[in-house]
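Participant: Please see the structure below; I have some questions.
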Amino acid sequence: MRTITRRTSTTDMEVTSIRLERDLKDKLKELSGNTGYQALIRDILWNYVQQKSGDYRPQFSRSDIRASIDAIARKDECCVLTGNIIPENEPMLLGWTINGDLVPLSLESMAG
């Protein structure tokens with residue numbers, strides 16, 4: 001999953017205090033690299049809000065897919081490459097991404 005970078009000035013943000021376990025904070029710092037753990041936390045929270053609100057549309061390209069396996073959609077799914085709906089009970093692919101996620105793919109999205 002690619003993180004959506006927001007370009008809001010920190011002076012336009014509200015200050016919020018949150019208590020984190022020291023180990024969690026240390027891991028976040030390790031994962032964030034040069035961007036900083038607070039920016040990483042904001043990205044994680046924005047991704048969560050988008051997923052729960054139905055606004056989440058991850059952006060993947062075919063080069064992000066390491067492998068795929070045949071599958072059947074058990075509910076309507078949205079292909080992460082084309083944005084097209086894969087109807088319930090239709091053949092589809094599950095794509096294994098470079099980040100280790102399994103994502104829905106339409107058969108057409110990987111053809112050719």
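Chain lettering (A, B, ...) mirrors the order of the structure tokens, residue numbering begins at 1 for each chain separately, and ligand numbering begins at 1 in order of display.
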When DSSP is applied to the backbone of this structure, which of range 52-93 of chain A are assigned strand (DSSP E or B)? Write them out as an mmCIF file with N, CA and C atoms, in the first residue's frame.
Facilitator:
```cif
data_model
loop_
_atom_site.group_PDB
_atom_site.id
_atom_site.type_symbol
_atom_site.label_atom_id
_atom_site.label_comp_id
_atom_site.auth_asym_id
_atom_site.auth_seq_id
_atom_site.Cartn_x
_atom_site.Cartn_y
_atom_site.Cartn_z
ATOM 1 N N ILE A 65 3.083 -5.793 -8.241
ATOM 2 C CA ILE A 65 2.555 -7.136 -8.043
ATOM 3 C C ILE A 65 3.667 -8.162 -8.260
ATOM 4 N N ARG A 66 3.975 -8.931 -7.220
ATOM 5 C CA ARG A 66 5.045 -9.936 -7.295
ATOM 6 C C ARG A 66 4.546 -11.249 -7.854
ATOM 7 N N ALA A 67 3.309 -11.616 -7.528
ATOM 8 C CA ALA A 67 2.735 -12.883 -7.962
ATOM 9 C C ALA A 67 1.221 -12.766 -7.851
ATOM 10 N N SER A 68 0.521 -13.676 -8.519
ATOM 11 C CA SER A 68 -0.932 -13.684 -8.398
ATOM 12 C C SER A 68 -1.439 -15.117 -8.378
ATOM 13 N N ILE A 69 -2.585 -15.300 -7.737
ATOM 14 C CA ILE A 69 -3.222 -16.613 -7.679
ATOM 15 C C ILE A 69 -4.681 -16.466 -8.069
ATOM 16 N N ASP A 70 -5.231 -17.518 -8.679
ATOM 17 C CA ASP A 70 -6.635 -17.521 -9.067
ATOM 18 C C ASP A 70 -7.520 -17.522 -7.828
ATOM 19 N N ALA A 71 -8.637 -16.820 -7.937
ATOM 20 C CA ALA A 71 -9.577 -16.741 -6.822
ATOM 21 C C ALA A 71 -10.973 -16.472 -7.375
ATOM 22 N N ILE A 72 -11.962 -16.546 -6.502
ATOM 23 C CA ILE A 72 -13.348 -16.201 -6.812
ATOM 24 C C ILE A 72 -13.770 -15.109 -5.834
ATOM 25 N N GLU A 77 -15.714 -6.767 -5.319
ATOM 26 C CA GLU A 77 -14.381 -6.257 -5.003
ATOM 27 C C GLU A 77 -14.033 -5.172 -6.015
ATOM 28 N N CYS A 78 -13.041 -4.380 -5.694
ATOM 29 C CA CYS A 78 -12.562 -3.330 -6.584
ATOM 30 C C CYS A 78 -11.118 -3.640 -6.957
ATOM 31 N N ILE A 85 -15.048 -2.761 -10.838
ATOM 32 C CA ILE A 85 -15.673 -3.688 -9.909
ATOM 33 C C ILE A 85 -15.515 -5.115 -10.422
ATOM 34 N N ILE A 86 -15.179 -6.006 -9.514
ATOM 35 C CA ILE A 86 -15.149 -7.444 -9.779
ATOM 36 C C ILE A 86 -16.390 -7.993 -9.075
ATOM 37 N N PRO A 91 -14.630 -14.883 -11.374
ATOM 38 C CA PRO A 91 -13.194 -15.153 -11.237
ATOM 39 C C PRO A 91 -12.411 -13.846 -11.090
ATOM 40 N N MET A 92 -11.354 -13.920 -10.333
ATOM 41 C CA MET A 92 -10.475 -12.781 -10.114
ATOM 42 C C MET A 92 -9.094 -13.315 -9.781
ATOM 43 N N LEU A 93 -8.179 -12.429 -9.493
ATOM 44 C CA LEU A 93 -6.856 -12.803 -9.020
ATOM 45 C C LEU A 93 -6.616 -12.126 -7.679
#
```
Participant: Any chance you could list, as a ChimeraX atom specification, the residues in chain A that come up alpha helix (DSSP H) when DSSP is run on the backbone?
Facilitator: /A:22-32,37-53
Participant: Let's have the selection written as an mmCIF file, in the first residue's frame, with C-alpha atoms.
Facilitator:
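Below is the file that was written, out-v5.cif:
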```cif
data_model
loop_
_atom_site.group_PDB
_atom_site.id
_atom_site.type_symbol
_atom_site.label_atom_id
_atom_site.label_comp_id
_atom_site.auth_asym_id
_atom_site.auth_seq_id
_atom_site.Cartn_x
_atom_site.Cartn_y
_atom_site.Cartn_z
ATOM 1 C CA ARG A 22 8.163 3.332 24.451
ATOM 2 C CA ASP A 23 8.711 0.216 22.298
ATOM 3 C CA LEU A 24 5.976 1.324 19.877
ATOM 4 C CA LYS A 25 7.413 4.811 19.596
ATOM 5 C CA ASP A 26 10.900 3.378 18.984
ATOM 6 C CA LYS A 27 9.563 1.073 16.236
ATOM 7 C CA LEU A 28 7.691 3.976 14.607
ATOM 8 C CA LYS A 29 10.883 6.032 14.631
ATOM 9 C CA GLU A 30 12.766 3.147 12.979
ATOM 10 C CA LEU A 31 10.104 2.703 10.307
ATOM 11 C CA SER A 32 9.688 6.388 9.550
ATOM 12 C CA TYR A 37 7.372 9.213 13.300
ATOM 13 C CA GLN A 38 4.680 11.884 13.713
ATOM 14 C CA ALA A 39 4.245 12.119 9.942
ATOM 15 C CA LEU A 40 4.079 8.312 9.805
ATOM 16 C CA ILE A 41 1.373 8.275 12.498
ATOM 17 C CA ARG A 42 -0.636 10.870 10.510
ATOM 18 C CA ASP A 43 -0.349 8.756 7.343
ATOM 19 C CA ILE A 44 -1.452 5.635 9.235
ATOM 20 C CA LEU A 45 -4.437 7.469 10.711
ATOM 21 C CA TRP A 46 -5.441 8.979 7.339
ATOM 22 C CA ASN A 47 -5.259 5.531 5.697
ATOM 23 C CA TYR A 48 -7.458 4.100 8.468
ATOM 24 C CA VAL A 49 -10.025 6.905 8.123
ATOM 25 C CA GLN A 50 -10.130 6.491 4.332
ATOM 26 C CA GLN A 51 -10.572 2.713 4.596
ATOM 27 C CA LYS A 52 -13.390 3.014 7.128
ATOM 28 C CA SER A 53 -15.148 5.816 5.209
#
```
